[in-house]
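What follows is the content of entry_8.tsv (TSV, C-alpha atoms).
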```tsv
chain	number	residue	atom	x	y	z
A	1	MET	CA	130.15	74.15	129.92
A	2	GLY	CA	129.27	70.52	129.29
A	3	LEU	CA	127.70	71.13	125.90
A	4	PRO	CA	129.74	70.72	122.71
A	5	PRO	CA	130.26	74.04	120.90
A	6	PHE	CA	128.02	74.73	117.94
A	7	ARG	CA	129.94	74.63	114.65
A	8	GLY	CA	127.33	75.69	112.10
A	9	SER	CA	127.13	78.88	110.06
A	10	PHE	CA	124.35	81.39	110.71
A	11	THR	CA	124.74	82.84	107.21
A	12	GLN	CA	124.79	79.64	105.12
A	13	GLN	CA	121.71	79.41	102.92
A	14	GLU	CA	120.39	76.32	101.20
A	15	PRO	CA	121.56	75.82	97.59
A	16	ILE	CA	119.45	77.10	94.72
A	17	PRO	CA	117.15	74.26	93.54
A	18	GLN	CA	118.47	72.34	90.56
A	19	GLU	CA	115.58	73.55	88.39
A	20	GLY	CA	116.62	77.12	89.10
A	21	ILE	CA	120.23	76.41	88.19
A	22	VAL	CA	119.15	74.78	84.92
A	23	ALA	CA	116.78	77.64	84.10
A	24	ALA	CA	119.45	80.24	84.90
A	25	VAL	CA	121.96	78.49	82.65
A	26	GLU	CA	119.38	78.42	79.86
A	27	VAL	CA	118.81	82.16	80.26
A	28	MET	CA	122.56	82.78	80.07
A	29	GLN	CA	122.87	80.60	77.01
A	30	THR	CA	120.23	82.67	75.20
A	31	GLY	CA	121.88	85.93	76.22
A	32	ARG	CA	118.38	87.37	76.84
A	33	LEU	CA	118.82	88.47	80.44
A	34	HIS	CA	116.81	91.69	80.14
A	35	ARG	CA	113.19	91.13	81.13
A	36	TYR	CA	111.80	92.62	77.89
A	37	ASN	CA	114.20	90.78	75.59
A	38	ALA	CA	111.99	87.86	74.58
A	39	LEU	CA	111.18	86.16	71.30
A	40	PRO	CA	107.68	86.55	69.83
A	41	GLY	CA	105.29	84.38	71.82
A	42	GLU	CA	107.92	83.62	74.48
A	43	GLU	CA	107.14	84.14	78.18
A	44	SER	CA	110.21	85.48	79.94
A	45	GLU	CA	111.23	84.21	83.37
A	46	THR	CA	110.39	87.58	84.91
A	47	VAL	CA	106.91	87.61	83.40
A	48	ALA	CA	106.32	84.09	84.70
A	49	LEU	CA	107.56	85.02	88.19
A	50	GLU	CA	105.19	88.01	88.36
A	51	ARG	CA	102.25	85.86	87.32
A	52	GLU	CA	103.11	83.09	89.77
A	53	TYR	CA	103.81	85.41	92.70
A	54	ALA	CA	100.57	87.33	92.19
A	55	ALA	CA	98.69	84.02	92.27
A	56	TRP	CA	100.57	82.90	95.40
A	57	GLN	CA	99.92	86.23	97.13
A	58	GLY	CA	96.26	86.27	96.03
A	59	VAL	CA	96.33	89.66	94.30
A	60	PRO	CA	95.87	90.73	90.66
A	61	TYR	CA	99.09	92.71	90.30
A	62	CYS	CA	102.76	92.00	90.92
A	63	LEU	CA	105.86	93.85	89.73
A	64	ALA	CA	109.36	92.34	89.91
A	65	VAL	CA	112.08	94.88	90.72
A	66	ALA	CA	115.77	95.03	91.52
A	67	SER	CA	115.53	94.96	95.34
A	68	GLY	CA	113.21	95.20	98.30
A	69	GLY	CA	114.45	98.74	98.86
A	70	GLN	CA	113.46	99.66	95.33
A	71	ALA	CA	110.04	98.09	95.90
A	72	MET	CA	109.57	100.44	98.87
A	73	GLN	CA	110.86	103.54	97.09
A	74	ILE	CA	108.68	102.89	94.05
A	75	ALA	CA	105.68	102.17	96.27
A	76	LEU	CA	106.14	105.47	98.10
A	77	ARG	CA	106.42	107.43	94.87
A	78	ALA	CA	103.53	105.60	93.21
A	79	ALA	CA	101.43	106.30	96.32
A	80	GLY	CA	102.00	110.02	95.80
A	81	VAL	CA	104.70	110.76	98.37
A	82	ARG	CA	106.62	113.89	97.43
A	83	PRO	CA	109.83	115.53	98.70
A	84	GLY	CA	109.22	117.15	102.06
A	85	ASP	CA	106.28	114.91	102.96
A	86	LYS	CA	106.32	113.12	106.29
A	87	VAL	CA	105.96	109.33	106.34
A	88	LEU	CA	105.27	107.25	109.44
A	89	THR	CA	107.19	104.04	110.14
A	90	ASN	CA	108.20	101.82	113.06
A	91	ALA	CA	111.16	102.95	115.15
A	92	PHE	CA	112.29	99.29	115.26
A	93	THR	CA	113.22	98.36	111.71
A	94	LEU	CA	116.26	98.04	109.49
A	95	ALA	CA	117.95	100.95	107.72
A	96	PRO	CA	116.47	100.31	104.23
A	97	VAL	CA	113.01	101.35	105.49
A	98	PRO	CA	113.86	104.88	106.66
A	99	GLY	CA	116.36	104.85	103.80
A	100	ALA	CA	113.57	104.36	101.27
A	101	ILE	CA	111.61	107.22	102.82
A	102	ALA	CA	114.65	109.50	102.78
A	103	GLY	CA	115.44	108.28	99.26
A	104	VAL	CA	112.26	109.84	97.88
A	105	GLY	CA	113.01	113.09	99.72
A	106	ALA	CA	110.45	112.51	102.47
A	107	GLU	CA	110.97	112.68	106.24
A	108	PRO	CA	110.58	109.55	108.40
A	109	VAL	CA	108.39	109.98	111.49
A	110	LEU	CA	109.32	107.17	113.86
A	111	VAL	CA	106.64	105.43	115.91
A	112	GLU	CA	107.27	103.62	119.21
A	113	ILE	CA	106.99	99.84	119.45
A	114	THR	CA	105.45	97.58	122.08
A	115	ASP	CA	107.13	94.95	124.23
A	116	ASP	CA	106.11	92.43	121.55
A	117	LEU	CA	108.17	94.28	118.90
A	118	VAL	CA	105.26	95.64	116.86
A	119	ILE	CA	104.14	99.19	116.16
A	120	ASN	CA	102.44	100.95	119.07
A	121	LEU	CA	99.01	101.96	117.78
A	122	ASP	CA	98.48	104.60	120.46
A	123	ASP	CA	101.73	106.29	119.50
A	124	LEU	CA	100.84	105.90	115.82
A	125	ARG	CA	97.63	107.84	116.41
A	126	SER	CA	99.53	110.51	118.32
A	127	LYS	CA	102.37	110.85	115.78
A	128	ALA	CA	99.94	110.94	112.87
A	129	GLY	CA	98.10	113.82	114.49
A	130	GLN	CA	101.25	115.72	115.43
A	131	SER	CA	102.98	115.31	112.07
A	132	GLY	CA	100.08	115.41	109.66
A	133	ALA	CA	101.61	112.43	107.84
A	134	LYS	CA	99.20	110.62	105.53
A	135	VAL	CA	101.31	107.57	104.64
A	136	LEU	CA	102.47	104.70	106.86
A	137	MET	CA	105.26	102.40	105.71
A	138	LEU	CA	104.57	99.61	108.18
A	139	SER	CA	107.65	97.50	108.83
A	140	ASN	CA	106.70	93.96	109.82
A	141	MET	CA	110.10	93.82	111.41
A	142	ARG	CA	111.62	90.39	112.01
A	143	GLY	CA	108.34	88.77	110.99
A	144	HIS	CA	106.11	90.20	113.73
A	145	LEU	CA	102.59	91.29	112.80
A	146	CYS	CA	100.69	93.78	114.92
A	147	ASP	CA	96.92	93.53	115.38
A	148	MET	CA	96.15	94.07	111.71
A	149	ASP	CA	92.41	94.46	112.36
A	150	ALA	CA	93.05	97.34	114.74
A	151	LEU	CA	95.69	98.85	112.48
A	152	THR	CA	93.57	98.84	109.34
A	153	ALA	CA	90.65	100.35	111.27
A	154	LEU	CA	92.94	103.09	112.57
A	155	VAL	CA	94.48	104.02	109.23
A	156	GLU	CA	91.02	104.07	107.66
A	157	GLU	CA	89.78	106.38	110.41
A	158	LEU	CA	92.80	108.68	110.03
A	159	GLN	CA	92.73	108.45	106.21
A	160	ILE	CA	96.30	107.20	106.09
A	161	THR	CA	97.60	105.21	103.13
A	162	LEU	CA	99.11	101.92	104.32
A	163	LEU	CA	102.15	100.42	102.60
A	164	GLU	CA	103.61	97.20	104.04
A	165	ASP	CA	107.27	96.29	104.23
A	166	CYS	CA	107.00	92.50	104.13
A	167	ALA	CA	110.69	91.66	103.78
A	168	HIS	CA	110.36	89.38	106.84
A	169	THR	CA	106.72	88.29	106.41
A	170	MET	CA	106.53	86.66	102.99
A	171	GLY	CA	103.93	83.95	103.62
A	172	ALA	CA	102.81	85.26	107.01
A	173	SER	CA	99.15	86.07	107.63
A	174	TRP	CA	96.70	87.57	110.10
A	175	ARG	CA	93.45	85.60	110.50
A	176	GLY	CA	94.14	84.01	107.12
A	177	ALA	CA	94.81	87.25	105.20
A	178	LYS	CA	98.35	87.39	103.85
A	179	SER	CA	100.82	90.02	104.95
A	180	GLY	CA	101.07	92.61	102.20
A	181	ASN	CA	97.36	92.55	101.39
A	182	PHE	CA	96.12	94.95	104.08
A	183	GLY	CA	96.88	98.28	102.43
A	184	LEU	CA	97.62	99.81	99.08
A	185	ALA	CA	100.73	97.70	98.48
A	186	GLY	CA	103.03	95.03	99.83
A	187	CYS	CA	106.82	95.26	99.38
A	188	PHE	CA	108.83	92.03	99.42
A	189	SER	CA	112.53	91.21	99.27
A	190	ALA	CA	114.49	88.39	97.64
A	191	GLN	CA	117.81	89.38	99.20
A	192	THR	CA	119.98	86.45	100.25
A	193	TYR	CA	118.77	86.29	103.87
A	194	LYS	CA	115.07	86.52	103.02
A	195	HIS	CA	112.56	83.75	102.31
A	196	ILE	CA	113.46	83.38	98.65
A	197	ASN	CA	116.99	84.11	97.53
A	198	SER	CA	118.29	85.72	94.36
A	199	GLY	CA	121.07	87.66	96.06
A	200	GLU	CA	119.09	90.85	95.48
A	201	GLY	CA	115.57	91.31	94.18
A	202	GLY	CA	112.17	92.65	95.11
A	203	LEU	CA	108.47	92.20	94.46
A	204	LEU	CA	105.70	94.77	94.74
A	205	THR	CA	102.04	93.71	94.92
A	206	SER	CA	98.75	95.58	94.90
A	207	ARG	CA	95.07	95.41	94.01
A	208	ASP	CA	95.08	98.99	92.68
A	209	ALA	CA	95.50	99.21	88.89
A	210	ALA	CA	96.50	102.88	88.67
A	211	PHE	CA	99.04	102.49	91.48
A	212	MET	CA	100.60	99.49	89.77
A	213	ALA	CA	100.68	101.24	86.40
A	214	ARG	CA	102.61	104.12	87.95
A	215	ALA	CA	104.94	101.68	89.69
A	216	THR	CA	105.53	99.76	86.45
A	217	MET	CA	106.46	102.91	84.55
A	218	MET	CA	108.78	103.95	87.38
A	219	SER	CA	110.46	100.54	87.37
A	220	GLY	CA	111.61	101.21	83.81
A	221	SER	CA	109.10	99.59	81.47
A	222	TYR	CA	109.49	102.28	78.80
A	223	MET	CA	106.45	101.61	76.56
A	224	LEU	CA	106.65	97.83	77.08
A	225	PHE	CA	104.18	97.84	79.98
A	226	ASP	CA	102.03	95.25	78.23
A	227	ARG	CA	104.79	92.64	78.74
A	228	HIS	CA	104.05	91.82	82.36
A	229	GLY	CA	102.78	88.65	83.96
A	230	ALA	CA	100.44	90.35	86.41
A	231	GLY	CA	100.00	93.95	85.30
A	232	PRO	CA	97.06	96.28	84.66
A	233	SER	CA	95.37	96.42	81.28
A	234	VAL	CA	97.03	98.74	78.76
A	235	ASP	CA	94.21	101.30	78.87
A	236	VAL	CA	95.14	102.15	82.48
A	237	TYR	CA	98.41	103.60	81.14
A	238	ASP	CA	96.83	106.15	78.76
A	239	ASP	CA	97.93	109.19	80.80
A	240	ILE	CA	100.22	107.50	83.30
A	241	LYS	CA	102.73	106.49	80.62
A	242	LEU	CA	103.47	110.14	79.81
A	243	ASP	CA	103.34	111.54	83.35
A	244	THR	CA	105.57	109.05	85.18
A	245	PRO	CA	109.39	109.05	85.29
A	246	ASN	CA	111.52	106.00	84.47
A	247	MET	CA	113.84	105.00	87.32
A	248	SER	CA	115.32	101.79	85.90
A	249	ALA	CA	114.77	99.33	88.74
A	250	ARG	CA	113.79	96.20	86.82
A	251	MET	CA	114.43	92.61	87.82
A	252	ASP	CA	116.25	90.54	85.20
A	253	ASN	CA	115.43	87.09	83.85
A	254	LEU	CA	118.42	85.48	85.56
A	255	ARG	CA	117.20	86.31	89.04
A	256	ALA	CA	113.61	85.43	88.16
A	257	ALA	CA	114.75	82.01	86.94
A	258	ILE	CA	116.46	81.40	90.29
A	259	LEU	CA	113.41	82.50	92.27
A	260	ARG	CA	110.60	80.59	90.56
A	261	PRO	CA	111.44	77.10	91.90
A	262	GLN	CA	112.02	78.58	95.37
A	263	LEU	CA	108.55	80.10	95.28
A	264	ALA	CA	107.12	76.71	94.35
A	265	ARG	CA	108.77	75.27	97.51
A	266	LEU	CA	108.07	78.21	99.80
A	267	ASN	CA	105.21	76.67	101.79
A	268	ASP	CA	107.43	73.70	102.65
A	269	ALA	CA	110.27	76.05	103.63
A	270	ILE	CA	107.93	78.00	105.91
A	271	LYS	CA	106.87	74.77	107.63
A	272	ARG	CA	110.53	73.89	108.26
A	273	TRP	CA	111.40	77.38	109.53
A	274	ASN	CA	108.56	77.21	112.01
A	275	GLU	CA	109.68	73.79	113.22
A	276	HIS	CA	113.12	75.29	113.90
A	277	TYR	CA	111.54	78.26	115.67
A	278	ARG	CA	109.33	76.14	117.92
A	279	VAL	CA	112.26	73.97	119.05
A	280	ILE	CA	114.26	77.00	120.18
A	281	GLU	CA	111.21	78.84	121.52
A	282	ALA	CA	110.29	75.92	123.79
A	283	VAL	CA	113.69	75.98	125.49
A	284	LEU	CA	114.03	79.75	125.78
A	285	LYS	CA	110.53	80.09	127.23
A	286	ARG	CA	111.64	78.01	130.21
A	287	SER	CA	114.45	80.43	131.02
A	288	GLU	CA	113.68	82.78	133.91
A	289	GLN	CA	116.15	85.33	132.53
A	290	LEU	CA	114.76	85.64	128.99
A	291	ARG	CA	111.51	87.02	127.60
A	292	LEU	CA	110.13	86.18	124.16
A	293	PRO	CA	107.61	88.38	122.35
A	294	VAL	CA	104.05	87.06	122.53
A	295	ARG	CA	102.80	85.71	119.20
A	296	PRO	CA	99.00	86.25	118.96
A	297	SER	CA	96.80	83.32	117.96
A	298	GLU	CA	95.55	85.34	114.96
A	299	GLU	CA	99.09	85.52	113.57
A	300	PHE	CA	100.62	82.91	111.30
A	301	PHE	CA	104.30	83.78	111.18
A	302	VAL	CA	107.42	82.65	109.34
A	303	GLY	CA	110.07	81.77	111.91
A	304	SER	CA	113.22	82.45	109.88
A	305	SER	CA	114.65	84.30	112.90
A	306	ILE	CA	113.92	84.46	116.60
A	307	GLN	CA	114.11	87.35	119.06
A	308	PHE	CA	114.34	87.44	122.83
A	309	MET	CA	114.88	90.09	125.46
A	310	VAL	CA	116.95	90.19	128.63
A	311	PRO	CA	115.00	92.75	130.68
A	312	GLY	CA	117.12	95.22	132.60
A	313	ILE	CA	120.45	94.10	131.14
A	314	SER	CA	123.23	96.70	131.18
A	315	GLU	CA	125.35	97.59	128.15
A	316	SER	CA	128.31	95.71	129.59
A	317	GLY	CA	126.04	92.77	130.39
A	318	ALA	CA	124.70	92.73	126.83
A	319	ARG	CA	128.22	92.72	125.40
A	320	ALA	CA	129.16	89.90	127.76
A	321	PHE	CA	126.07	87.96	126.64
A	322	LEU	CA	127.09	88.39	122.99
A	323	LYS	CA	130.65	87.25	123.68
A	324	ALA	CA	129.68	84.26	125.81
A	325	SER	CA	127.26	83.11	123.11
A	326	ALA	CA	129.83	83.64	120.35
A	327	ASP	CA	132.41	81.65	122.35
A	328	ARG	CA	129.97	78.74	122.14
A	329	GLY	CA	129.49	79.23	118.38
A	330	VAL	CA	126.11	80.98	118.65
A	331	GLU	CA	125.92	84.21	116.62
A	332	LEU	CA	123.55	86.83	117.97
A	333	LYS	CA	122.73	90.38	117.00
A	334	TRP	CA	122.03	93.03	119.63
A	335	PHE	CA	119.86	96.02	118.80
A	336	GLY	CA	121.00	98.06	121.78
A	337	ASP	CA	124.40	98.93	120.36
A	338	ALA	CA	124.90	102.65	119.76
A	339	ASP	CA	126.98	101.87	116.67
A	340	PRO	CA	125.62	99.97	113.66
A	341	VAL	CA	127.02	96.46	113.26
A	342	ALA	CA	126.74	94.60	109.92
A	343	PHE	CA	123.02	94.63	108.99
A	344	THR	CA	121.88	95.75	112.44
A	345	SER	CA	121.32	99.37	113.42
A	346	ALA	CA	118.99	101.55	115.47
A	347	HIS	CA	117.43	104.96	114.91
A	348	SER	CA	120.18	106.79	116.78
A	349	SER	CA	122.63	105.94	113.98
A	350	TRP	CA	120.39	107.10	111.10
A	351	ARG	CA	121.69	110.67	110.84
A	352	TYR	CA	119.64	111.26	107.68
A	353	VAL	CA	116.54	111.03	109.90
A	354	PRO	CA	115.72	113.99	112.19
A	355	GLU	CA	116.58	113.06	115.78
A	356	GLN	CA	113.52	111.81	117.63
A	357	ARG	CA	112.83	110.88	121.24
A	358	LEU	CA	111.70	107.24	121.56
A	359	PRO	CA	112.12	106.16	125.19
A	360	GLN	CA	109.92	103.06	125.00
A	361	THR	CA	111.66	101.73	121.90
A	362	ASP	CA	115.11	102.50	123.28
A	363	SER	CA	114.31	100.65	126.50
A	364	ILE	CA	113.21	97.56	124.54
A	365	LEU	CA	116.15	97.62	122.11
A	366	ALA	CA	118.62	97.87	125.00
A	367	GLY	CA	117.89	94.25	125.89
A	368	LEU	CA	116.85	92.85	122.51
A	369	PHE	CA	118.75	90.00	120.87
A	370	ASP	CA	118.12	88.47	117.47
A	371	MET	CA	119.22	85.25	115.79
A	372	ARG	CA	118.88	83.87	112.27
A	373	LEU	CA	117.52	80.35	111.77
A	374	PRO	CA	118.80	79.20	108.37
A	375	LEU	CA	117.29	76.04	106.94
A	376	THR	CA	120.76	74.54	106.76
A	377	PHE	CA	120.35	73.90	110.51
A	378	SER	CA	118.88	70.60	111.66
A	379	LEU	CA	116.40	70.34	114.52
A	380	ALA	CA	119.23	68.84	116.59
A	381	ASP	CA	121.28	71.96	115.83
A	382	CYS	CA	118.40	74.07	117.10
A	383	GLU	CA	118.20	72.09	120.32
A	384	LEU	CA	121.94	72.57	120.90
A	385	ILE	CA	121.79	76.31	120.14
A	386	ALA	CA	118.86	76.79	122.50
A	387	ALA	CA	120.60	74.86	125.26
A	388	HIS	CA	123.66	77.09	124.90
A	389	LEU	CA	121.58	80.26	125.13
A	390	ALA	CA	119.74	79.01	128.20
A	391	GLU	CA	123.06	78.21	129.89
A	392	VAL	CA	124.53	81.62	129.02
A	393	ALA	CA	121.44	83.32	130.47
A	394	ALA	CA	121.63	81.24	133.65
A	395	ASP	CA	125.38	81.88	134.02
A	396	MET	CA	124.76	85.62	133.86
A	397	VAL	CA	122.61	85.43	136.96
A	398	THR	CA	125.04	83.10	138.75
A	399	HIS	CA	127.98	85.44	138.16
A	400	ALA	CA	126.13	88.76	138.49
```
Before we go any further, please render this structure as C-alpha cells.
Amino acid sequence: MGLPPFRGSFTQQEPIPQEGIVAAVEVMQTGRLHRYNALPGEESETVALEREYAAWQGVPYCLAVASGGQAMQIALRAAGVRPGDKVLTNAFTLAPVPGAIAGVGAEPVLVEITDDLVINLDDLRSKAGQSGAKVLMLSNMRGHLCDMDALTALVEELQITLLEDCAHTMGASWRGAKSGNFGLAGCFSAQTYKHINSGEGGLLTSRDAAFMARATMMSGSYMLFDRHGAGPSVDVYDDIKLDTPNMSARMDNLRAAILRPQLARLNDAIKRWNEHYRVIEAVLKRSEQLRLPVRPSEEFFVGSSIQFMVPGISESGARAFLKASADRGVELKWFGDADPVAFTSAHSSWRYVPEQRLPQTDSILAGLFDMRLPLTFSLADCELIAAHLAEVAADMVTHA
C-alpha cells in the first residue's frame, strides 16, 4: 500500500453556524424554549423555521416536530392509518421507517428493490394487490429517487396514498419537482447525520390543509394551532381539534434556532456534497470490481453518502473488504450483515415485522457497501478515500 492512510472522521459534522449559536443562546437567556411560549407579537424560532422551510420546499404547510421518526408516525396517523392496517414500504431502508409503521400499530409490507437501490415498481404493484394496502411510505433510501413519474402514476391508478420519507433527500428533485412534494406528505429529518443538524428534529410538509391540521393537533398544539408559521387557517380545525389526540411531539425553539441558519446555507451545502460525491464516483466507476447505482438524468440528488456494490462477493469476502478498508482509515457500512451494526440493519433483523421473502433485495444487500461523505472532508480527502477503495477492490481480485 503506497497510499498514506486516511485520518479523517466519518462522523464529524461541520460546526453550527455562528448565527445559530447566537440565536440559541438568546433563546436560552429568555427561558422561552417551548414553541408556544412567546411574548405578544413575537415570532418564535419554531414558527419562523416552519415558515421558511415551507417556502424553501415550495408548499403551503410545514410542521416542525421532535424527530424524523415522529414526522413519519404523525403522517401515517394523519393519513388515516389504523392499527392492523398494512402499509407498503421499501425493503431497503433504515429501521425507523418500518418502526414508524409498527409504532402506529400497522403492519409493514416490504417491497423489493432494483439494482439501482430504488423501489421495484413491478413488485409494488404485486404487493399492493396481494396485501390490499392503501398507503405507501416510500423511503428515498440513501438519497436515491425512483422514477417518480411512473410511481405517481401507479399509486394514482391503484388509489394508494403516497407518503415520502425524505430523510436522505432534503433538496433532491425529480425533473425539477422537490422530493417530498409527490404525495400527500413529505417527512424530513434534522438528526445529526442528515442535511441540517439539530441533533434530533423533524419536519412534515403537505399541500393538504385537513391533513396538516390533524398532524398539528397530534404534534401537541393543544388549542394553540393558530401559532404556526405555515399552518392551515383556524377554520379548518373546527371539528379536527376535538377529534384528534395529542401526542406531544413538538420541536422546541432551541433546535429551531440552530436549524434556521443551516437552512439558509443548504443549497451551498448540497453543491459541496455533490462535488465530494462526483470525485469519489469518478474513481470508483473505473474499478472493474465495483458497481455504482445508475443515477437517472431526471434526478437531482444530494450526495451526502455514496453506495457501491461488489457483485457476487461472499460473506467472508465482504468482511475482509470492510476490514481492509478500515485498516486504511476508510469507514464503510455493509448492508449484508445478518446482525444490525450501529445505524445499519436489514429486514431480517426487524423481528417486529412479519418475516417476508425478498430474494432480490437480499441478493443486492449481500454486496452493498455505504459510506458517509461529511462536509468536513476536503476534495483531496475524497480523492485519497476513493484511491484506497479502488486498491482494496483490486487487491481482492489479486488475492482471491
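The list of residues with at least one atom within 10 Å of Thr11 (chain A), based on only C-alpha atoms and without residues fewer than 5 positions apart in the same chain, reads Thr192, Tyr193, Glu331, Arg372, Leu373, Pro374 and Thr376 of chain A.
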Excluding region 122-131 of chain A and any residue of its chain fewer than 3 positions from it, enumerate the residues within 12 Å of it, using all atoms listed in the file, and give them as a PDB file with C-alpha atoms, keeping the file's coordinate frame.
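Output file result-v1.pdb is given in full below:
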```pdb
ATOM      1  CA  GLY A  84     109.220 117.150 102.060  1.00  0.00           C
ATOM      2  CA  ASP A  85     106.280 114.910 102.960  1.00  0.00           C
ATOM      3  CA  LYS A  86     106.320 113.120 106.290  1.00  0.00           C
ATOM      4  CA  VAL A  87     105.960 109.330 106.340  1.00  0.00           C
ATOM      5  CA  LEU A  88     105.270 107.250 109.440  1.00  0.00           C
ATOM      6  CA  THR A  89     107.190 104.040 110.140  1.00  0.00           C
ATOM      7  CA  ASN A  90     108.200 101.820 113.060  1.00  0.00           C
ATOM      8  CA  ALA A  91     111.160 102.950 115.150  1.00  0.00           C
ATOM      9  CA  GLU A 107     110.970 112.680 106.240  1.00  0.00           C
ATOM     10  CA  PRO A 108     110.580 109.550 108.400  1.00  0.00           C
ATOM     11  CA  VAL A 109     108.390 109.980 111.490  1.00  0.00           C
ATOM     12  CA  LEU A 110     109.320 107.170 113.860  1.00  0.00           C
ATOM     13  CA  VAL A 111     106.640 105.430 115.910  1.00  0.00           C
ATOM     14  CA  GLU A 112     107.270 103.620 119.210  1.00  0.00           C
ATOM     15  CA  ILE A 113     106.990  99.840 119.450  1.00  0.00           C
ATOM     16  CA  THR A 114     105.450  97.580 122.080  1.00  0.00           C
ATOM     17  CA  VAL A 118     105.260  95.640 116.860  1.00  0.00           C
ATOM     18  CA  ILE A 119     104.140  99.190 116.160  1.00  0.00           C
ATOM     19  CA  LYS A 134      99.200 110.620 105.530  1.00  0.00           C
ATOM     20  CA  VAL A 135     101.310 107.570 104.640  1.00  0.00           C
ATOM     21  CA  LEU A 136     102.470 104.700 106.860  1.00  0.00           C
ATOM     22  CA  MET A 137     105.260 102.400 105.710  1.00  0.00           C
ATOM     23  CA  LEU A 138     104.570  99.610 108.180  1.00  0.00           C
ATOM     24  CA  ALA A 150      93.050  97.340 114.740  1.00  0.00           C
ATOM     25  CA  LEU A 151      95.690  98.850 112.480  1.00  0.00           C
ATOM     26  CA  ALA A 153      90.650 100.350 111.270  1.00  0.00           C
ATOM     27  CA  LEU A 154      92.940 103.090 112.570  1.00  0.00           C
ATOM     28  CA  VAL A 155      94.480 104.020 109.230  1.00  0.00           C
ATOM     29  CA  GLU A 156      91.020 104.070 107.660  1.00  0.00           C
ATOM     30  CA  GLU A 157      89.780 106.380 110.410  1.00  0.00           C
ATOM     31  CA  LEU A 158      92.800 108.680 110.030  1.00  0.00           C
ATOM     32  CA  GLN A 159      92.730 108.450 106.210  1.00  0.00           C
ATOM     33  CA  ILE A 160      96.300 107.200 106.090  1.00  0.00           C
ATOM     34  CA  THR A 161      97.600 105.210 103.130  1.00  0.00           C
ATOM     35  CA  GLN A 356     113.520 111.810 117.630  1.00  0.00           C
ATOM     36  CA  ARG A 357     112.830 110.880 121.240  1.00  0.00           C
ATOM     37  CA  LEU A 358     111.700 107.240 121.560  1.00  0.00           C
ATOM     38  CA  PRO A 359     112.120 106.160 125.190  1.00  0.00           C
ATOM     39  CA  GLN A 360     109.920 103.060 125.000  1.00  0.00           C
ATOM     40  CA  THR A 361     111.660 101.730 121.900  1.00  0.00           C
TER      41      THR A 361
END
```
Taking all atoms listed in the file into account, name the residue in A:Ser9, A:Ser139, A:Ser189, A:Ser173 that is nearest to Met371 (chain A).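 Smallest separation from Met371 (chain A) among the options: A:Ser9.
With distances restricted to only C-alpha atoms, A:Met72 is the closest residue to Gly103 (chain A) from A:Ile196, A:Met72, A:Met148, A:Ala64.
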Can you find the residues with an atom no farther than 10 Å from (107.6, 100.5, 81.9), counting all atoms listed in the file, and report them as a list in words?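 The answer, in the requested form, is Tyr36, Ala213, Arg214, Ala215, Thr216, Met217, Met218, Ser219, Gly220, Ser221, Tyr222, Met223, Leu224, Phe225, Asp226, Arg227, His228, Tyr237, Lys241, Thr244, Pro245, Asn246, Met247, Ser248, Ala249 and Arg250 of chain A.
Minimum atom-to-atom distance to Lys271 (chain A), evaluated using all atoms listed in the file, belongs to A:Ala172 out of A:Leu365, A:Ile16, A:Asp208, A:Ala172.
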Given only C-alpha atoms as the basis, pick out the residue of A:Ala66, A:Val47, A:Ile74, A:Cys146 nearest to Ala185 (chain A). A:Ile74
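With distances taken over all atoms listed in the file, A:Leu266 is the one residue among A:Val81, A:Leu266, A:Val302, A:Ala387 lying closest to Tyr53 (chain A).
Nearest to Gly143 (chain A) of all the residues A:Pro261, A:Gly329, A:Pro293, A:Gly202 is A:Pro293, based on all atoms listed in the file.
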